[in-house]
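Before any comments, here is the structure.
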Number of protein chains: 2
Amino acid sequence: MQLKLEHFNIKIGQHKVLLNIADAKELGVNPGDRVRIRGHESISAIVDTTDDMVPPGTLGSFFEVYEHFQDWDKPVEVVPAFRSKSASVIKKMMDKKPVVQDEIKTLVNDIVEENLSEIELSAFITSSYIHGMTDDEVEWLTKAMIESGDTIEFDTHPIMDKHSIGGVPGNKISLLVVPIIAANGLLIPKTSSRAITGAGGTADLMEVLSPVEFSSQEVKEITEKVGGALVWGGATNIAPADDKLIRVEYPLSIDPYYQMLASIMAKKGAIGADNVVMDIPVGPSTKVPTVQEGQKLARDLINLGHRLGMNVECAITYGSSPIGRKVGPSLEVREALKVLESMEGPNSLIEKSASLAGILLEMGGAAPRDRGKEVALETLRSGKALEKMKQIIEAQGGDPKITSGDIQVGQYTADILASADGYVIEFDNKWIIEIARLAGAPNDKGAGVAIHKKMGESVKKGDPILTIYAEKEFKLDTALTTAQRTNPIIVEGMLLKRIPGTYGFQ
Amino acid sequence: MQLKLEHFNIKIGQHKVLLNIADAKELGVNPGDRVRIRGHESISAIVDTTDDMVPPGTLGSFFEVYEHFQDWDKPVEVVPAFRSKSASVIKKMMDKKPVVQDEIKTLVNDIVEENLSEIELSAFITSSYIHGMTDDEVEWLTKAMIESGDTIEFDTHPIMDKHSIGGVPGNKISLLVVPIIAANGLLIPKTSSRAITGAGGTADLMEVLSPVEFSSQEVKEITEKVGGALVWGGATNIAPADDKLIRVEYPLSIDPYYQMLASIMAKKGAIGADNVVMDIPVGPSTKVPTVQEGQKLARDLINLGHRLGMNVECAITYGSSPIGRKVGPSLEVREALKVLESMEGPNSLIEKSASLAGILLEMGGAAPRDRGKEVALETLRSGKALEKMKQIIEAQGGDPKITSGDIQVGQYTADILASADGYVIEFDNKWIIEIARLAGAPNDKGAGVAIHKKMGESVKKGDPILTIYAEKEFKLDTALTTAQRTNPIIVEGMLLKRIPGTYGFQ
């Protein structure tokens, strides 16, 4: 069928065309079917139908389709296309039937090239959430994710990397681990994420100090120059399938386990990592509620690493409390820089960073067995880590002379005070993150929360427990109202609820 | 946040808005989150983000959102909205957790009102496909589907109805059953579907004789006037959730069992049916491959009917062969009219129609037990069914004087000949449907297939087995090529494949 092109200048993340229902009937296609369009080049697109948006004889083309055509006035030939191979693979997955490596590769390529509808993507995600995946399937998925994006090949090895499973507020340890490793002569091209539901990912934090958006070639150059990099993975085209999957997982509030494994390891595989340390925070509001689950995750990551030719070691860490006492980009960067400058700072931050860096130093041969943490602490103490961090900042286009004192935080602040004497007996990480977000984090870099009292610490009535920072007054108000209403930190002795004396006699 | 409205004049079947990524960050929302928009009225919409389609300060609004606003120049206030209740219900279903009636009601209303994204809809469909549903959940789903659309309340009862589970080509029996029932004084307001993957649904067939698109009020009036109606359900707003679900199920090539139950019974419940006969064709290419599965389906339909206060009887029927010998709208209508006119026609069609009509006549008290089929056959023989059919055609705006001889079929025809003497030993229903579709059915009413030889019948070499009809020559060619290549009807003695004598010696 010959149709003329009409352009809808809207990107919708899939190759989609709109057919008048009369043309669709004539072609024998229904919404969700695919057609092949033969014009300047031949592409396939997902059909939607309409009785009024385009007239018969016209093919409404969204941006992703339209950009393939140069000669927009020329009619195109439209024919029904066969069912896509990926659709059949997804159907198999729904039915929990085995799939082969080549099928997963096709599926991942179609995801990256935006050849799948949201209906198909969601069915894939939901199926793998419900059914899980075999070890083989996870390996194939990981490899397909690596191959469908950029990869970095370094001339010198080993390449080191570190990853934290999310969920703990204030987990700024990459800002210490990366310079410690690089200062000891090992290469660590660290790609990080921005916060989606958190108060600040490592990329959001590093952006306080320097640009973080680089191509994978630039990441390679920075790493070769100064030994380490701290960049946003989203700008690199490394394992690009991950972002496409997150766009489906996020609205469903799920993070399918086996896809999480594949996404993590694909990013490590794509940069050619030889040795990886995994930080697995365990606690009620993290992604890993129990130590048992943490151990299973550790085994699965190690196993998958083995299949990919990577050494993986895992650290099960304490995730019930924030790391350090600051949450929100600028506040966290200030806290981390202060440790680099003077070893001044919360024990939880220094201890955890040195432990994880220590594991990596041992894996990379830069420290003897059981001496890694000591070497890491010495690297901090000697100022070598600070020196390296400045080199990284400079290599990424930031100002290497910046100090913790230079970093501005939100000018609007409010304290939450203890309403009674006692000990902190409950500490709700999720609400700490929510308050930081309401105050403006991660978009307003200066917004966040300073935590004065953590789990088990004693307070006097009237002591500040939290300070909220915001760049905008109305955001401070919203965050403050929520903090007062939700009581994210409970002090034993606080009156939770008063039951009137007549209770039971009414 | 105050934003000005920009209109994208495109219906996308969901309430969606496009935010510049800077505004989305400032609001703290991600793609897939919802925002509440306060303008002329307050509505919620699903967020997508862009870095170039709309500038900061502007809210790109698709048709479904935009139509809510009258004063388009006035900025609107946009705030983050809470997670939708339906999203939580879908998450529960993914986790196979129990849900309550009220949650299913909310979900179905959101489906009908286009408040869910395709991602959410697909997760719901995929979850219920994989996990199934409890009897309670199916009942609640059915009731919610009834309540979310139009319902018809007749003053007189009983109301009769009939439904065929799909998959058998040429299943035109409603064209006989409905007039037989109505001719015996019972009301039968039959809503039917159009073919999605078939060669012609009952609505496609009836459209050869009269209009089929009516409101539910008009269906009521037609039925009260002449006792029966044969209309397209899609035009009535009866159980409208079904069409929304099909738009997701179709591209996934699935028809989740419990949703099929709910969809069927919701349509019966919405018209106030008291007595329903279900035709369950069993055979390898139908929806129900085995008699065991047919019996389970029958039990489930009867049970669900009981919960809804409906008497349901089921007939397990032979589904391995087409009903009658014609496939495609006009061909089938001609075959059915000929039976009404003169009882001339294939035994399979007359027998099946009379059996199912007989069950309904007994259920409705219009025939004594075990005499229903006899009464049905007599109604056909006496010409009363033909008379009633003419009244229905006239009531629906068609020409009551039409005869089977008046009905035009495709002018381009081609025969498929037997290439050997023998018996028909294989008959592929799916390919018969595919050939009819390639020839133009159901959109080209005159296109289709006439079957001269069915399973078990003997043929001589050179006998015509099939005749293909088309309205357009190029469609005949496509259908013919496919028919010759696929051999949908296998005659024992046909040379399937010749193995050359040198095989094995190369």
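In the structure tokens, chains take letters A, B, ... by order of appearance, with residues numbered from 1 within each chain and ligands from 1 in the order shown.
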Show which residues sit within 9 Å of Thr58 (chain A), as a list in words. Count only C-alpha atoms, and ignore same-chain residues fewer than 6 positions away.
->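 In the requested format, the answer is Gln2, Leu3, Lys4, Leu5, Glu6, Leu18, Leu19, Asn20, Asp23 and Pro75 of chain A.
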Which residues, written as a list in words, have at least one atom at most 9 Å from Gly185 (chain B), with only C-alpha atoms counted and residues fewer than 2 positions away on the same chain left out?
-> Ile181, Ala182, Ala183, Leu187, Gly227 and Ala366 of chain B
9 Å contacts from chain B to chain A using only C-alpha atoms, as a PyMOL selection string | chain B and resi 8-12+22+25-33+48+50+53+87-88+90-91+94-95+117-127+129-131+196-197+247-254+437-438+440-444
Those of region 299-430 of chain A in DSSP strand (DSSP E), formatted as a VMD selection string | chain A and resid 311 to 318 326 to 327 412 to 417 422 to 427
Who sits within 10 Å of Gln391 (chain B), only C-alpha atoms, same chain under 3 positions skipped, as a ChimeraX atom specification = /B:179,222,225-229,385-388,394-401
Show which residues sit within 12 Å of Leu230 (chain B), as a short mmCIF file (atom, residue, chain, number, x, y, z; two decimals) with N, CA, C and O atoms, in the first residue's frame. Count only C-alpha atoms, and ignore same-chain residues fewer than 6 positions away.
data_model
loop_
_atom_site.label_atom_id
_atom_site.label_comp_id
_atom_site.auth_asym_id
_atom_site.auth_seq_id
_atom_site.Cartn_x
_atom_site.Cartn_y
_atom_site.Cartn_z
N ASP B 161 -28.93 -15.69 25.70
CA ASP B 161 -27.72 -15.30 24.97
C ASP B 161 -26.92 -16.54 24.61
O ASP B 161 -27.16 -17.63 25.16
N LYS B 162 -25.99 -16.35 23.70
CA LYS B 162 -25.20 -17.45 23.17
C LYS B 162 -23.80 -16.92 22.93
O LYS B 162 -23.62 -15.76 22.55
N LYS B 172 -20.64 -19.61 11.66
CA LYS B 172 -21.67 -18.60 11.39
C LYS B 172 -22.98 -18.91 12.09
O LYS B 172 -24.03 -18.37 11.73
N ILE B 173 -22.95 -19.77 13.11
CA ILE B 173 -24.21 -20.30 13.65
C ILE B 173 -25.10 -19.25 14.31
O ILE B 173 -26.31 -19.44 14.37
N SER B 174 -24.51 -18.13 14.78
CA SER B 174 -25.37 -17.11 15.39
C SER B 174 -26.42 -16.60 14.41
O SER B 174 -27.52 -16.21 14.80
N LEU B 175 -26.08 -16.61 13.12
CA LEU B 175 -27.03 -16.13 12.11
C LEU B 175 -28.25 -17.06 12.02
O LEU B 175 -29.29 -16.67 11.48
N LEU B 176 -28.13 -18.26 12.54
CA LEU B 176 -29.27 -19.17 12.59
C LEU B 176 -29.88 -19.23 13.99
O LEU B 176 -31.10 -19.23 14.16
N VAL B 177 -29.00 -19.27 15.00
CA VAL B 177 -29.49 -19.44 16.38
C VAL B 177 -30.36 -18.25 16.81
O VAL B 177 -31.45 -18.44 17.36
N VAL B 178 -29.90 -17.04 16.53
CA VAL B 178 -30.63 -15.86 17.00
C VAL B 178 -32.05 -15.81 16.43
O VAL B 178 -33.02 -15.68 17.19
N PRO B 179 -32.24 -15.95 15.10
CA PRO B 179 -33.63 -15.92 14.62
C PRO B 179 -34.46 -17.11 15.12
O PRO B 179 -35.67 -16.95 15.34
N ALA B 182 -35.53 -16.08 18.69
CA ALA B 182 -36.47 -14.96 18.67
C ALA B 182 -37.81 -15.39 18.08
O ALA B 182 -38.88 -14.94 18.52
N LEU B 187 -36.35 -13.34 24.04
CA LEU B 187 -35.52 -12.19 23.68
C LEU B 187 -34.04 -12.59 23.65
O LEU B 187 -33.54 -13.20 24.59
N ILE B 188 -33.36 -12.22 22.57
CA ILE B 188 -31.93 -12.56 22.46
C ILE B 188 -31.15 -11.40 21.82
O ILE B 188 -30.99 -11.31 20.61
N PRO B 189 -30.69 -10.47 22.68
CA PRO B 189 -29.95 -9.29 22.20
C PRO B 189 -28.47 -9.64 22.05
O PRO B 189 -27.67 -9.40 22.94
N LYS B 190 -28.11 -10.18 20.90
CA LYS B 190 -26.77 -10.76 20.74
C LYS B 190 -25.76 -9.71 20.29
O LYS B 190 -25.88 -9.14 19.21
N THR B 191 -24.77 -9.48 21.15
CA THR B 191 -23.64 -8.64 20.73
C THR B 191 -22.52 -9.57 20.29
O THR B 191 -22.30 -10.61 20.89
N SER B 192 -21.84 -9.19 19.23
CA SER B 192 -20.77 -10.04 18.69
C SER B 192 -19.53 -9.21 18.45
O SER B 192 -19.55 -7.99 18.53
N SER B 193 -18.46 -9.92 18.12
CA SER B 193 -17.21 -9.21 17.86
C SER B 193 -16.92 -9.19 16.37
O SER B 193 -17.51 -9.93 15.59
N ARG B 194 -16.01 -8.32 16.00
CA ARG B 194 -15.42 -8.38 14.67
C ARG B 194 -14.18 -9.27 14.76
O ARG B 194 -13.62 -9.44 15.84
N GLY B 201 -15.84 -12.17 12.10
CA GLY B 201 -16.64 -12.39 13.29
C GLY B 201 -18.11 -12.25 12.90
O GLY B 201 -18.43 -11.81 11.80
N THR B 202 -19.00 -12.61 13.83
CA THR B 202 -20.43 -12.52 13.52
C THR B 202 -20.81 -11.09 13.14
O THR B 202 -21.64 -10.87 12.25
N ALA B 203 -20.17 -10.09 13.78
CA ALA B 203 -20.49 -8.70 13.44
C ALA B 203 -20.06 -8.39 12.00
O ALA B 203 -20.76 -7.68 11.27
N ASP B 204 -18.91 -8.92 11.58
CA ASP B 204 -18.47 -8.71 10.19
C ASP B 204 -19.46 -9.35 9.22
O ASP B 204 -19.72 -8.82 8.14
N LEU B 205 -19.99 -10.51 9.61
CA LEU B 205 -20.94 -11.21 8.75
C LEU B 205 -22.25 -10.44 8.65
O LEU B 205 -22.76 -10.18 7.56
N MET B 206 -22.80 -10.10 9.80
CA MET B 206 -24.11 -9.45 9.83
C MET B 206 -24.07 -8.14 9.06
O MET B 206 -25.07 -7.71 8.48
N GLU B 207 -22.90 -7.52 9.04
CA GLU B 207 -22.75 -6.23 8.35
C GLU B 207 -23.00 -6.36 6.84
O GLU B 207 -23.25 -5.35 6.16
N VAL B 208 -22.93 -7.57 6.32
CA VAL B 208 -23.28 -7.79 4.91
C VAL B 208 -24.78 -7.52 4.71
O VAL B 208 -25.21 -7.10 3.64
N LEU B 209 -25.56 -7.73 5.78
CA LEU B 209 -27.02 -7.65 5.67
C LEU B 209 -27.61 -6.35 6.20
O LEU B 209 -28.69 -5.93 5.76
N SER B 210 -26.93 -5.73 7.15
CA SER B 210 -27.49 -4.51 7.77
C SER B 210 -26.39 -3.81 8.56
O SER B 210 -25.36 -4.42 8.84
N PRO B 211 -26.63 -2.55 8.95
CA PRO B 211 -25.70 -1.93 9.89
C PRO B 211 -25.63 -2.74 11.19
O PRO B 211 -26.59 -3.46 11.52
N VAL B 212 -24.50 -2.66 11.88
CA VAL B 212 -24.33 -3.42 13.13
C VAL B 212 -23.86 -2.53 14.29
O VAL B 212 -23.64 -3.02 15.39
N GLU B 213 -23.71 -1.24 14.03
CA GLU B 213 -23.19 -0.37 15.10
C GLU B 213 -24.33 0.39 15.75
O GLU B 213 -24.92 1.30 15.15
N PHE B 214 -24.65 0.03 16.97
CA PHE B 214 -25.75 0.63 17.70
C PHE B 214 -25.35 0.89 19.14
O PHE B 214 -24.50 0.19 19.68
N GLU B 218 -30.24 1.46 21.71
CA GLU B 218 -30.80 1.00 20.43
C GLU B 218 -30.90 -0.52 20.37
O GLU B 218 -31.86 -1.07 19.83
N VAL B 219 -29.90 -1.19 20.95
CA VAL B 219 -29.95 -2.66 20.99
C VAL B 219 -31.19 -3.10 21.75
O VAL B 219 -31.90 -4.03 21.36
N LYS B 220 -31.44 -2.40 22.85
CA LYS B 220 -32.62 -2.73 23.66
C LYS B 220 -33.90 -2.56 22.82
O LYS B 220 -34.78 -3.44 22.80
N ILE B 222 -34.30 -2.48 19.52
CA ILE B 222 -34.41 -3.46 18.43
C ILE B 222 -34.89 -4.80 18.98
O ILE B 222 -35.78 -5.45 18.42
N THR B 223 -34.30 -5.20 20.09
CA THR B 223 -34.66 -6.50 20.68
C THR B 223 -36.11 -6.50 21.14
O THR B 223 -36.84 -7.49 20.94
N LYS B 388 -38.15 -14.27 10.84
CA LYS B 388 -37.60 -13.50 11.97
C LYS B 388 -36.30 -12.81 11.58
O LYS B 388 -36.06 -11.65 11.93
N MET B 389 -35.46 -13.51 10.82
CA MET B 389 -34.20 -12.92 10.38
C MET B 389 -34.47 -11.67 9.55
O MET B 389 -33.77 -10.66 9.70
N LYS B 390 -35.47 -11.73 8.70
CA LYS B 390 -35.81 -10.55 7.88
C LYS B 390 -36.25 -9.38 8.76
O LYS B 390 -35.93 -8.22 8.50
N GLN B 391 -37.01 -9.71 9.82
CA GLN B 391 -37.44 -8.65 10.74
C GLN B 391 -36.22 -8.01 11.44
O GLN B 391 -36.16 -6.79 11.63
N ILE B 392 -35.27 -8.86 11.82
CA ILE B 392 -34.07 -8.33 12.49
C ILE B 392 -33.28 -7.45 11.52
O ILE B 392 -32.84 -6.35 11.87
N ILE B 393 -33.12 -7.95 10.29
CA ILE B 393 -32.40 -7.16 9.28
C ILE B 393 -33.07 -5.80 9.10
O ILE B 393 -32.42 -4.75 9.09
N GLU B 394 -34.39 -5.82 9.00
CA GLU B 394 -35.12 -4.57 8.80
C GLU B 394 -34.99 -3.65 10.01
O GLU B 394 -34.76 -2.44 9.87
N ALA B 395 -35.12 -4.24 11.21
CA ALA B 395 -35.03 -3.43 12.43
C ALA B 395 -33.65 -2.78 12.55
O ALA B 395 -33.51 -1.71 13.15
N GLN B 396 -32.63 -3.43 11.99
CA GLN B 396 -31.29 -2.87 12.06
C GLN B 396 -30.98 -1.99 10.85
O GLN B 396 -29.84 -1.57 10.67
N GLY B 397 -31.98 -1.75 10.00
CA GLY B 397 -31.78 -0.81 8.91
C GLY B 397 -31.32 -1.44 7.61
O GLY B 397 -30.88 -0.74 6.70
N GLY B 398 -31.42 -2.78 7.50
CA GLY B 398 -31.04 -3.44 6.26
C GLY B 398 -32.26 -3.70 5.39
O GLY B 398 -33.39 -3.34 5.74
#
Hey, what's within 8 Å of Pro284 (chain B) if we count only C-alpha atoms and toss same-chain stuff fewer than 5 positions away? As a list in words, please?
-> Pro289, Thr290, Gly319 and Ser320 of chain B
Between A:Asp71, A:Arg334, A:Asn429, A:Tyr469, which is the closest to Ile402 (chain A) once you count only C-alpha atoms?
->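 Going through A:Asp71, A:Arg334, A:Asn429, A:Tyr469 one by one, the smallest distance to Ile402 (chain A) is for A:Arg334.
When the distance limit is 12 Å and only C-alpha atoms are what count, the residues near Glu473 (chain A), minus those fewer than 2 positions from it on the same chain, are Gly410, Gln411, Tyr412, Thr413, Ala414, Leu438, Ala439, Gly440, Ala447, Ile468, Tyr469, Ala470, Glu471, Lys475, Leu476, Asp477, Thr478, Ala479 and Leu480 of chain A.
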Report the residues of region 96-133 of chain A whose backbone DSSP state falls under alpha helix (DSSP H), written as an NGL selection string.
-> :A and (101-112 or 118-131)
Within 6 Å of region 341-358 of chain A using only C-alpha atoms, minus same-chain residues under 6 positions, as JSON, numbers by chain = {"A": [173, 177, 323, 324, 372, 373, 376, 377]}
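The space between CA of Asp135 (chain A) and CA of Ala315 (chain A) spans 21.8 Å.
The smallest atom-to-atom distance between Met160 (chain B) and any of B:Leu186, B:Val100, B:Ala367, B:Val409, using only C-alpha atoms, is found for B:Leu186.
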